[in-house]
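Heads up, start30.cif below (mmCIF, C-alpha atoms):
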```
data_my_file
loop_
_atom_site.group_PDB
_atom_site.id
_atom_site.type_symbol
_atom_site.label_atom_id
_atom_site.label_comp_id
_atom_site.auth_asym_id
_atom_site.auth_seq_id
_atom_site.Cartn_x
_atom_site.Cartn_y
_atom_site.Cartn_z
ATOM 1 C CA MET A 1 110.341 -73.067 -101.278
ATOM 2 C CA SER A 2 107.598 -70.501 -101.810
ATOM 3 C CA ASP A 3 105.975 -69.888 -105.194
ATOM 4 C CA THR A 4 107.945 -66.658 -105.572
ATOM 5 C CA ALA A 5 111.340 -67.962 -104.462
ATOM 6 C CA ARG A 6 113.989 -68.232 -107.124
ATOM 7 C CA PRO A 7 115.639 -71.643 -107.593
ATOM 8 C CA LEU A 8 119.059 -72.334 -106.146
ATOM 9 C CA PRO A 9 121.898 -72.273 -106.863
ATOM 10 C CA MET A 10 121.774 -68.873 -108.507
ATOM 11 C CA THR A 11 123.425 -69.041 -111.921
ATOM 12 C CA VAL A 12 126.453 -66.771 -112.290
ATOM 13 C CA PRO A 13 128.378 -67.765 -115.431
ATOM 14 C CA ASP A 14 132.149 -67.490 -115.696
ATOM 15 C CA PRO A 15 133.171 -66.758 -119.308
ATOM 16 C CA SER A 16 136.603 -68.294 -118.728
ATOM 17 C CA LEU A 17 135.064 -71.747 -118.255
ATOM 18 C CA PRO A 18 133.684 -74.244 -120.794
ATOM 19 C CA ALA A 19 130.026 -73.876 -121.742
ATOM 20 C CA ARG A 20 129.416 -77.618 -121.502
ATOM 21 C CA VAL A 21 130.891 -80.465 -119.434
ATOM 22 C CA ARG A 22 130.420 -84.182 -120.005
ATOM 23 C CA ILE A 23 130.139 -86.117 -116.761
ATOM 24 C CA HIS A 24 131.573 -89.613 -116.922
ATOM 25 C CA GLU A 25 129.538 -91.375 -114.225
ATOM 26 C CA VAL A 26 131.547 -94.116 -112.494
ATOM 27 C CA GLY A 27 129.256 -95.057 -109.599
ATOM 28 C CA PRO A 28 128.103 -98.468 -110.859
ATOM 29 C CA ARG A 29 131.692 -99.592 -111.451
ATOM 30 C CA ASP A 30 134.171 -97.580 -109.393
ATOM 31 C CA GLY A 31 131.617 -96.958 -106.673
ATOM 32 C CA LEU A 32 130.161 -100.416 -106.164
ATOM 33 C CA GLN A 33 133.462 -102.276 -106.579
ATOM 34 C CA ASN A 34 134.516 -100.993 -103.177
ATOM 35 C CA GLU A 35 131.418 -102.145 -101.282
ATOM 36 C CA LYS A 36 131.914 -104.758 -98.585
ATOM 37 C CA THR A 37 128.786 -106.619 -99.660
ATOM 38 C CA VAL A 38 127.747 -107.682 -103.140
ATOM 39 C CA VAL A 39 124.896 -105.621 -104.593
ATOM 40 C CA PRO A 40 122.305 -107.779 -106.444
ATOM 41 C CA THR A 41 122.502 -107.641 -110.226
ATOM 42 C CA GLU A 42 118.934 -106.359 -110.531
ATOM 43 C CA VAL A 43 119.726 -103.445 -108.195
ATOM 44 C CA LYS A 44 122.811 -102.569 -110.256
ATOM 45 C CA ALA A 45 120.723 -102.608 -113.428
ATOM 46 C CA GLU A 46 118.110 -100.313 -111.901
ATOM 47 C CA PHE A 47 120.886 -98.016 -110.669
ATOM 48 C CA VAL A 48 122.232 -97.624 -114.220
ATOM 49 C CA HIS A 49 118.745 -97.059 -115.629
ATOM 50 C CA ARG A 50 118.008 -94.401 -113.007
ATOM 51 C CA LEU A 51 121.301 -92.623 -113.694
ATOM 52 C CA ALA A 52 120.572 -92.513 -117.406
ATOM 53 C CA ASP A 53 117.039 -91.278 -116.714
ATOM 54 C CA ALA A 54 118.575 -88.436 -114.689
ATOM 55 C CA GLY A 55 120.360 -87.270 -117.829
ATOM 56 C CA LEU A 56 123.804 -88.828 -117.506
ATOM 57 C CA ASP A 57 124.869 -89.811 -121.009
ATOM 58 C CA THR A 58 127.956 -91.819 -120.002
ATOM 59 C CA VAL A 59 127.628 -94.433 -117.259
ATOM 60 C CA GLU A 60 130.502 -96.824 -116.616
ATOM 61 C CA ALA A 61 128.590 -100.029 -116.029
ATOM 62 C CA THR A 62 130.936 -102.699 -114.692
ATOM 63 C CA SER A 63 134.318 -104.383 -114.968
ATOM 64 C CA PHE A 64 135.298 -107.615 -116.702
ATOM 65 C CA VAL A 65 137.973 -108.380 -114.148
ATOM 66 C CA HIS A 66 138.442 -111.839 -112.627
ATOM 67 C CA PRO A 67 135.873 -112.398 -109.820
ATOM 68 C CA LYS A 68 138.693 -113.351 -107.457
ATOM 69 C CA TRP A 69 139.999 -109.785 -107.502
ATOM 70 C CA VAL A 70 136.745 -107.811 -107.519
ATOM 71 C CA PRO A 71 133.918 -110.142 -106.441
ATOM 72 C CA GLN A 72 131.467 -107.231 -106.280
ATOM 73 C CA LEU A 73 131.515 -107.059 -110.091
ATOM 74 C CA ALA A 74 131.556 -110.782 -110.848
ATOM 75 C CA ASP A 75 128.145 -110.557 -112.528
ATOM 76 C CA ALA A 76 129.227 -108.530 -115.593
ATOM 77 C CA GLU A 77 127.875 -111.130 -118.033
ATOM 78 C CA GLN A 78 124.523 -111.147 -116.263
ATOM 79 C CA LEU A 79 124.332 -107.360 -115.922
ATOM 80 C CA MET A 80 125.051 -106.146 -119.445
ATOM 81 C CA PRO A 81 122.018 -107.780 -121.146
ATOM 82 C CA LEU A 82 119.795 -106.017 -118.589
ATOM 83 C CA LEU A 83 121.127 -102.675 -119.854
ATOM 84 C CA ALA A 84 120.346 -103.168 -123.542
ATOM 85 C CA ASP A 85 117.692 -100.439 -123.510
ATOM 86 C CA VAL A 86 119.712 -97.833 -121.595
ATOM 87 C CA PRO A 87 119.975 -94.617 -123.682
ATOM 88 C CA ALA A 88 123.539 -93.855 -122.636
ATOM 89 C CA ARG A 89 127.099 -94.800 -123.410
ATOM 90 C CA LEU A 90 128.042 -97.799 -121.244
ATOM 91 C CA PRO A 91 131.824 -98.215 -121.093
ATOM 92 C CA VAL A 92 133.282 -101.097 -119.089
ATOM 93 C CA LEU A 93 136.686 -101.705 -117.555
ATOM 94 C CA VAL A 94 138.784 -104.567 -118.939
ATOM 95 C CA PRO A 95 142.085 -105.636 -117.315
ATOM 96 C CA ASN A 96 143.487 -107.739 -120.148
ATOM 97 C CA ARG A 97 142.733 -109.513 -123.439
ATOM 98 C CA ARG A 98 140.522 -112.081 -121.732
ATOM 99 C CA GLY A 99 138.405 -109.296 -120.248
ATOM 100 C CA LEU A 100 138.181 -107.617 -123.641
ATOM 101 C CA ASP A 101 136.994 -110.814 -125.319
ATOM 102 C CA ARG A 102 134.285 -111.242 -122.672
ATOM 103 C CA ALA A 103 133.136 -107.659 -123.201
ATOM 104 C CA LEU A 104 133.146 -107.890 -127.007
ATOM 105 C CA ALA A 105 131.062 -111.063 -126.843
ATOM 106 C CA LEU A 106 128.320 -109.004 -125.199
ATOM 107 C CA GLY A 107 128.451 -106.228 -127.779
ATOM 108 C CA VAL A 108 130.260 -103.657 -125.645
ATOM 109 C CA ARG A 109 131.285 -100.594 -127.697
ATOM 110 C CA GLU A 110 133.501 -98.761 -125.190
ATOM 111 C CA ILE A 111 136.180 -100.101 -122.865
ATOM 112 C CA ALA A 112 138.741 -98.746 -120.441
ATOM 113 C CA VAL A 113 142.135 -100.015 -119.308
ATOM 114 C CA PHE A 114 143.540 -99.090 -115.907
ATOM 115 C CA GLY A 115 147.208 -98.155 -115.630
ATOM 116 C CA SER A 116 149.411 -96.606 -112.982
ATOM 117 C CA ALA A 117 151.854 -93.714 -112.957
ATOM 118 C CA THR A 118 153.828 -95.348 -110.129
ATOM 119 C CA GLU A 119 155.713 -98.619 -109.805
ATOM 120 C CA ALA A 120 154.346 -99.381 -106.323
ATOM 121 C CA PHE A 121 150.712 -99.189 -107.382
ATOM 122 C CA ALA A 122 151.380 -101.045 -110.629
ATOM 123 C CA ARG A 123 152.737 -103.886 -108.509
ATOM 124 C CA ALA A 124 149.848 -103.757 -106.034
ATOM 125 C CA ASN A 125 147.105 -103.490 -108.649
ATOM 126 C CA LEU A 126 148.474 -105.394 -111.645
ATOM 127 C CA ASN A 127 151.421 -107.385 -110.233
ATOM 128 C CA ARG A 128 153.574 -105.816 -112.953
ATOM 129 C CA THR A 129 155.941 -102.939 -113.447
ATOM 130 C CA VAL A 130 154.639 -99.832 -115.207
ATOM 131 C CA ASP A 131 156.376 -100.842 -118.431
ATOM 132 C CA GLU A 132 155.091 -104.420 -118.181
ATOM 133 C CA SER A 133 151.538 -103.172 -117.677
ATOM 134 C CA LEU A 134 151.807 -100.991 -120.779
ATOM 135 C CA GLU A 135 153.037 -104.001 -122.738
ATOM 136 C CA MET A 136 149.990 -105.927 -121.502
ATOM 137 C CA PHE A 137 147.650 -103.128 -122.578
ATOM 138 C CA ALA A 138 149.107 -102.765 -126.077
ATOM 139 C CA PRO A 139 147.381 -105.791 -127.675
ATOM 140 C CA VAL A 140 144.164 -105.053 -125.761
ATOM 141 C CA VAL A 141 143.971 -101.510 -127.117
ATOM 142 C CA ALA A 142 144.949 -102.652 -130.602
ATOM 143 C CA ALA A 143 142.282 -105.380 -130.670
ATOM 144 C CA ALA A 144 139.629 -103.013 -129.330
ATOM 145 C CA ARG A 145 140.374 -100.409 -131.967
ATOM 146 C CA GLU A 146 140.355 -103.081 -134.683
ATOM 147 C CA ALA A 147 136.863 -104.022 -133.487
ATOM 148 C CA GLY A 148 135.766 -100.377 -133.700
ATOM 149 C CA VAL A 149 135.566 -100.017 -129.923
ATOM 150 C CA ARG A 150 136.409 -96.736 -128.210
ATOM 151 C CA VAL A 151 139.199 -96.960 -125.627
ATOM 152 C CA ARG A 152 139.692 -94.899 -122.482
ATOM 153 C CA GLY A 153 142.895 -95.101 -120.483
ATOM 154 C CA TYR A 154 142.804 -94.584 -116.727
ATOM 155 C CA LEU A 155 146.049 -93.377 -115.189
ATOM 156 C CA SER A 156 146.002 -93.740 -111.418
ATOM 157 C CA MET A 157 148.269 -92.181 -108.771
ATOM 158 C CA CYS A 158 148.878 -89.050 -110.838
ATOM 159 C CA PHE A 159 149.260 -86.789 -107.805
ATOM 160 C CA GLY A 160 150.419 -88.994 -104.959
ATOM 161 C CA ASP A 161 150.982 -92.627 -104.012
ATOM 162 C CA PRO A 162 150.475 -94.187 -100.547
ATOM 163 C CA TRP A 163 153.818 -96.007 -100.810
ATOM 164 C CA GLU A 164 155.942 -93.618 -102.892
ATOM 165 C CA GLY A 165 154.588 -90.288 -101.690
ATOM 166 C CA ALA A 166 154.625 -87.326 -104.078
ATOM 167 C CA VAL A 167 154.739 -88.298 -107.765
ATOM 168 C CA PRO A 168 156.929 -86.166 -110.071
ATOM 169 C CA VAL A 169 154.921 -84.454 -112.802
ATOM 170 C CA ALA A 170 157.405 -85.575 -115.472
ATOM 171 C CA GLN A 171 156.855 -89.194 -114.459
ATOM 172 C CA VAL A 172 153.094 -88.861 -114.942
ATOM 173 C CA VAL A 173 153.547 -87.143 -118.295
ATOM 174 C CA ARG A 174 155.792 -89.967 -119.533
ATOM 175 C CA VAL A 175 153.262 -92.693 -118.742
ATOM 176 C CA ALA A 176 150.335 -90.602 -119.968
ATOM 177 C CA ARG A 177 152.024 -90.012 -123.308
ATOM 178 C CA ARG A 178 152.721 -93.739 -123.685
ATOM 179 C CA LEU A 179 149.099 -94.676 -122.939
ATOM 180 C CA LEU A 180 147.875 -92.279 -125.606
ATOM 181 C CA ASP A 181 150.494 -93.526 -128.039
ATOM 182 C CA LEU A 182 149.096 -97.050 -127.581
ATOM 183 C CA GLY A 183 145.864 -95.761 -129.134
ATOM 184 C CA CYS A 184 143.669 -94.649 -126.230
ATOM 185 C CA ASP A 185 141.076 -92.129 -127.375
ATOM 186 C CA GLU A 186 140.857 -90.473 -123.961
ATOM 187 C CA LEU A 187 142.967 -90.383 -120.823
ATOM 188 C CA SER A 188 141.505 -89.982 -117.338
ATOM 189 C CA LEU A 189 143.963 -88.546 -114.798
ATOM 190 C CA GLY A 190 143.319 -90.094 -111.409
ATOM 191 C CA ASP A 191 143.941 -88.557 -107.998
ATOM 192 C CA THR A 192 143.478 -91.978 -106.481
ATOM 193 C CA ILE A 193 144.145 -91.058 -102.852
ATOM 194 C CA GLY A 194 142.786 -87.515 -103.046
ATOM 195 C CA VAL A 195 145.962 -85.544 -102.311
ATOM 196 C CA ALA A 196 145.949 -83.167 -105.302
ATOM 197 C CA THR A 197 145.640 -79.405 -104.931
ATOM 198 C CA PRO A 198 144.664 -76.906 -107.657
ATOM 199 C CA GLY A 199 148.198 -75.696 -108.349
ATOM 200 C CA HIS A 200 149.383 -79.272 -108.778
ATOM 201 C CA VAL A 201 146.508 -79.959 -111.179
ATOM 202 C CA THR A 202 147.367 -76.920 -113.276
ATOM 203 C CA ALA A 203 151.069 -77.842 -113.329
ATOM 204 C CA LEU A 204 150.347 -81.360 -114.572
ATOM 205 C CA LEU A 205 147.896 -80.210 -117.231
ATOM 206 C CA THR A 206 150.358 -77.572 -118.411
ATOM 207 C CA GLU A 207 153.194 -80.078 -118.794
ATOM 208 C CA LEU A 208 150.883 -82.493 -120.584
ATOM 209 C CA GLY A 209 150.011 -79.701 -122.998
ATOM 210 C CA GLU A 210 153.712 -79.093 -123.599
ATOM 211 C CA ALA A 211 153.993 -82.827 -124.399
ATOM 212 C CA ASP A 212 151.333 -82.418 -127.116
ATOM 213 C CA VAL A 213 148.487 -83.855 -125.042
ATOM 214 C CA PRO A 214 145.492 -81.573 -125.695
ATOM 215 C CA ALA A 215 142.851 -80.890 -123.054
ATOM 216 C CA ALA A 216 140.235 -82.341 -125.417
ATOM 217 C CA ARG A 217 141.715 -85.826 -124.874
ATOM 218 C CA LEU A 218 141.805 -85.558 -121.094
ATOM 219 C CA ALA A 219 139.401 -86.260 -118.262
ATOM 220 C CA VAL A 220 139.954 -85.751 -114.540
ATOM 221 C CA HIS A 221 139.075 -88.167 -111.765
ATOM 222 C CA PHE A 222 139.313 -86.713 -108.271
ATOM 223 C CA HIS A 223 138.764 -88.240 -104.850
ATOM 224 C CA ASP A 224 137.675 -86.019 -101.971
ATOM 225 C CA THR A 225 139.934 -87.300 -99.184
ATOM 226 C CA TYR A 226 141.048 -83.793 -98.172
ATOM 227 C CA GLY A 227 138.005 -81.913 -99.467
ATOM 228 C CA GLN A 228 139.823 -80.702 -102.582
ATOM 229 C CA ALA A 229 137.896 -82.465 -105.366
ATOM 230 C CA LEU A 230 135.724 -79.529 -106.451
ATOM 231 C CA ALA A 231 138.601 -77.041 -106.254
ATOM 232 C CA ASN A 232 140.724 -79.374 -108.345
ATOM 233 C CA THR A 233 137.909 -79.808 -110.843
ATOM 234 C CA LEU A 234 137.560 -76.054 -111.196
ATOM 235 C CA ALA A 235 141.306 -75.791 -111.893
ATOM 236 C CA ALA A 236 140.962 -78.409 -114.634
ATOM 237 C CA LEU A 237 137.970 -76.596 -116.153
ATOM 238 C CA ARG A 238 139.944 -73.354 -116.242
ATOM 239 C CA TYR A 239 142.635 -75.185 -118.205
ATOM 240 C CA GLY A 240 140.039 -76.366 -120.720
ATOM 241 C CA VAL A 241 139.233 -79.933 -119.637
ATOM 242 C CA THR A 242 135.555 -80.698 -120.362
ATOM 243 C CA THR A 243 135.185 -84.312 -119.163
ATOM 244 C CA VAL A 244 134.919 -84.945 -115.426
ATOM 245 C CA ASP A 245 134.551 -88.308 -113.705
ATOM 246 C CA ALA A 246 132.181 -88.444 -110.751
ATOM 247 C CA SER A 247 130.256 -91.009 -108.736
ATOM 248 C CA ALA A 248 126.596 -90.685 -107.792
ATOM 249 C CA GLY A 249 126.289 -90.124 -104.061
ATOM 250 C CA GLY A 250 130.080 -90.055 -103.672
ATOM 251 C CA LEU A 251 130.323 -93.852 -103.752
ATOM 252 C CA GLY A 252 133.659 -95.525 -104.125
ATOM 253 C CA GLY A 253 137.292 -95.708 -103.215
ATOM 254 C CA CYS A 254 139.922 -98.133 -104.382
ATOM 255 C CA PRO A 255 140.279 -101.742 -103.201
ATOM 256 C CA TYR A 256 144.064 -101.584 -103.710
ATOM 257 C CA ALA A 257 144.684 -98.260 -101.963
ATOM 258 C CA ARG A 258 143.233 -98.164 -98.460
ATOM 259 C CA SER A 259 143.769 -94.436 -98.086
ATOM 260 C CA ALA A 260 141.475 -93.737 -101.056
ATOM 261 C CA THR A 261 138.119 -92.406 -99.930
ATOM 262 C CA GLY A 262 135.054 -91.699 -102.011
ATOM 263 C CA ASN A 263 135.003 -90.214 -105.461
ATOM 264 C CA LEU A 264 133.827 -86.703 -106.175
ATOM 265 C CA ALA A 265 130.054 -86.900 -105.753
ATOM 266 C CA THR A 266 128.169 -86.310 -108.994
ATOM 267 C CA GLU A 267 125.553 -84.222 -107.174
ATOM 268 C CA ASP A 268 128.206 -81.920 -105.688
ATOM 269 C CA LEU A 269 129.716 -81.497 -109.133
ATOM 270 C CA VAL A 270 126.351 -80.759 -110.778
ATOM 271 C CA TRP A 271 125.464 -78.205 -108.081
ATOM 272 C CA MET A 272 128.695 -76.316 -108.807
ATOM 273 C CA LEU A 273 128.311 -76.554 -112.591
ATOM 274 C CA ASP A 274 124.665 -75.463 -112.431
ATOM 275 C CA GLY A 275 125.726 -72.409 -110.456
ATOM 276 C CA LEU A 276 128.334 -71.600 -113.090
ATOM 277 C CA GLY A 277 125.806 -71.926 -115.897
ATOM 278 C CA ILE A 278 127.700 -74.883 -117.381
ATOM 279 C CA HIS A 279 125.452 -77.299 -119.244
ATOM 280 C CA THR A 280 125.549 -80.991 -118.250
ATOM 281 C CA GLY A 281 122.084 -82.247 -119.200
ATOM 282 C CA VAL A 282 121.694 -83.719 -115.708
ATOM 283 C CA ASP A 283 118.529 -83.277 -113.642
ATOM 284 C CA LEU A 284 119.857 -82.735 -110.123
ATOM 285 C CA GLY A 285 116.547 -83.663 -108.476
ATOM 286 C CA ARG A 286 116.346 -87.026 -110.231
ATOM 287 C CA LEU A 287 120.012 -87.704 -109.586
ATOM 288 C CA THR A 288 119.651 -86.950 -105.878
ATOM 289 C CA ALA A 289 116.620 -89.230 -105.645
ATOM 290 C CA THR A 290 118.666 -91.981 -107.290
ATOM 291 C CA SER A 291 121.473 -91.629 -104.762
ATOM 292 C CA VAL A 292 119.010 -91.626 -101.858
ATOM 293 C CA TRP A 293 117.496 -94.808 -103.297
ATOM 294 C CA MET A 294 120.924 -96.463 -103.632
ATOM 295 C CA ALA A 295 121.946 -95.348 -100.144
ATOM 296 C CA SER A 296 118.867 -97.109 -98.787
ATOM 297 C CA ARG A 297 119.939 -100.295 -100.591
ATOM 298 C CA LEU A 298 123.419 -100.003 -99.083
ATOM 299 C CA GLY A 299 122.071 -99.271 -95.621
ATOM 300 C CA ARG A 300 123.799 -95.953 -94.996
ATOM 301 C CA PRO A 301 123.399 -92.256 -95.849
ATOM 302 C CA SER A 302 125.114 -90.832 -98.902
ATOM 303 C CA PRO A 303 128.384 -89.003 -98.134
ATOM 304 C CA SER A 304 127.500 -86.333 -100.725
ATOM 305 C CA ARG A 305 126.892 -82.968 -99.076
ATOM 306 C CA THR A 306 124.464 -81.987 -101.825
ATOM 307 C CA VAL A 307 122.454 -85.191 -101.450
ATOM 308 C CA ARG A 308 122.237 -84.619 -97.710
ATOM 309 C CA ALA A 309 121.197 -80.994 -98.113
ATOM 310 C CA LEU A 310 118.552 -81.666 -100.745
ATOM 311 C CA SER A 311 117.149 -84.785 -99.085
ATOM 312 C CA HIS A 312 117.607 -83.684 -95.451
ATOM 313 C CA GLN A 313 119.573 -86.850 -94.668
ATOM 314 C CA GLU A 314 121.505 -86.977 -91.429
ATOM 315 C CA PRO A 315 125.304 -87.388 -91.748
#
```
The structure in this file should be written as structure tokens.
Amino acid sequence: MSDTARPLPMTVPDPSLPARVRIHEVGPRDGLQNEKTVVPTEVKAEFVHRLADAGLDTVEATSFVHPKWVPQLADAEQLMPLLADVPARLPVLVPNRRGLDRALALGVREIAVFGSATEAFARANLNRTVDESLEMFAPVVAAAREAGVRVRGYLSMCFGDPWEGAVPVAQVVRVARRLLDLGCDELSLGDTIGVATPGHVTALLTELGEADVPAARLAVHFHDTYGQALANTLAALRYGVTTVDASAGGLGGCPYARSATGNLATEDLVWMLDGLGIHTGVDLGRLTATSVWMASRLGRPSPSRTVRALSHQEP
């Protein structure tokens, strides 16, 4: 770029959109859990540090799930002490009371539980029905809140399920309302296999609003299987949602849903938000450099279009 060239993207604000968006970075947890090989603990720690240095103020660090189920994240106890100086919120995923106790022992201040809007995925992921999984979460959420720990609820398969197909909006609203009634502070709506479209997103958010679930308590979590993640995010922003989940470099999928491809890439999201004049606090250059660095550790180029464009990586 010449000395006189203006930076890209050109900022053209849209007054109908929020002025600020909080990005909930999930790369170190949701991204790395789907890797075929185990990433060394020291590399994970540097990844989190680099993400925080790029301006991300919420970085989901790991999961306290049994190593048998997600061996890529078996080093949670070793990782968390290496992150003591990270200037960001570091939520972790916990599957049950045992996972919560492990997290609390390390001083964790934010946790997440992971539920399902469909019976098929609840069985595949938790070996329980939807109602049984909610019963399992109830004491976990209660104990976390008693300890002064913030709780996020993930609700997967909100827009489609690989076994059940299309998921009725009313079904999602019912489970979402129950998760919030358990005491979750925030609910992340997951398009786990990436089949949502903007109209579907708006319909779900509208019905949640009619069920007294305000946009301020919601986050969205889109996968880019059909190239719809940014369009879906924009639909959610227009509704008033201001928390968006994303994964640096587009890492991730879901180990229990083979049709789930990578998460919305954080860089692609930041490029769009920068162009809309929406504040995130994220330095896109530093973030891109971080994803290039992690891609080199994983031995393959980043799937993020923005990372490839800014770093001149080959697809």
Q: Can you give me, as a ChimeraX atom specification, the residues this file yields under the PyMOL selection byres ((chain A and resi 291-298) around 12)?
A: /A:27-28,31-32,34-40,42-48,50-51,54,247-251,265-268,284-290,299-314
Q.
Just checking: using all atoms listed in the file, which residue out of A:Leu208, A:Leu73, A:Val195, A:Leu8 ends up closest to Ala231 of chain A?
A. A:Val195
Q: Would you kindly translate the PyMOL selection byres ((chain A and resi 120) around 9) into the concrete residues it picks from this file, as a PyMOL selection string?
A: chain A and resi 116+118-119+121-125+129-130+161-164
Q: Can you turn the PyMOL selection byres ((chain A and resi 201) around 12) into a concrete residue list for this file, as JSON, numbers by chain?
A: {"A": [158, 159, 160, 169, 172, 189, 190, 191, 194, 195, 196, 197, 198, 199, 200, 202, 203, 204, 205, 206, 207, 208, 219, 220, 221, 222, 228, 229, 230, 231, 232, 233, 234, 235, 236, 237, 238, 239, 241]}
Q) Any idea what's packed within 12 Å of Arg177 of chain A, counting all atoms listed in the file, ignoring anything in its chain fewer than 2 positions away? Could you give it as a count of residues only? A) 30
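Distances to Val167 of chain A were evaluated for A:Ser16, A:Ser63, A:Thr243, A:Thr192 using only C-alpha atoms, and the minimum falls at A:Thr192.
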Q: May I have the residues at most 7 Å from (134.0, -103.5, -111.5) in the file's coordinates, counting all atoms listed in the file, as a list in words?
A: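 Applying the cut-off with all atoms listed in the file, one gets Arg29, Asp30, Gln33, Thr62, Ser63, Phe64, Val65, Val70, Gln72, Leu73 and Leu93 of chain A.
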Q: Could you jot down the atom CA of Ala216 of chain A to atom CA of Asp245 of chain A separation for me, Å, one decimal place?
A: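 Between atom CA of Ala216 of chain A and atom CA of Asp245 of chain A the gap works out to 14.3 Å.
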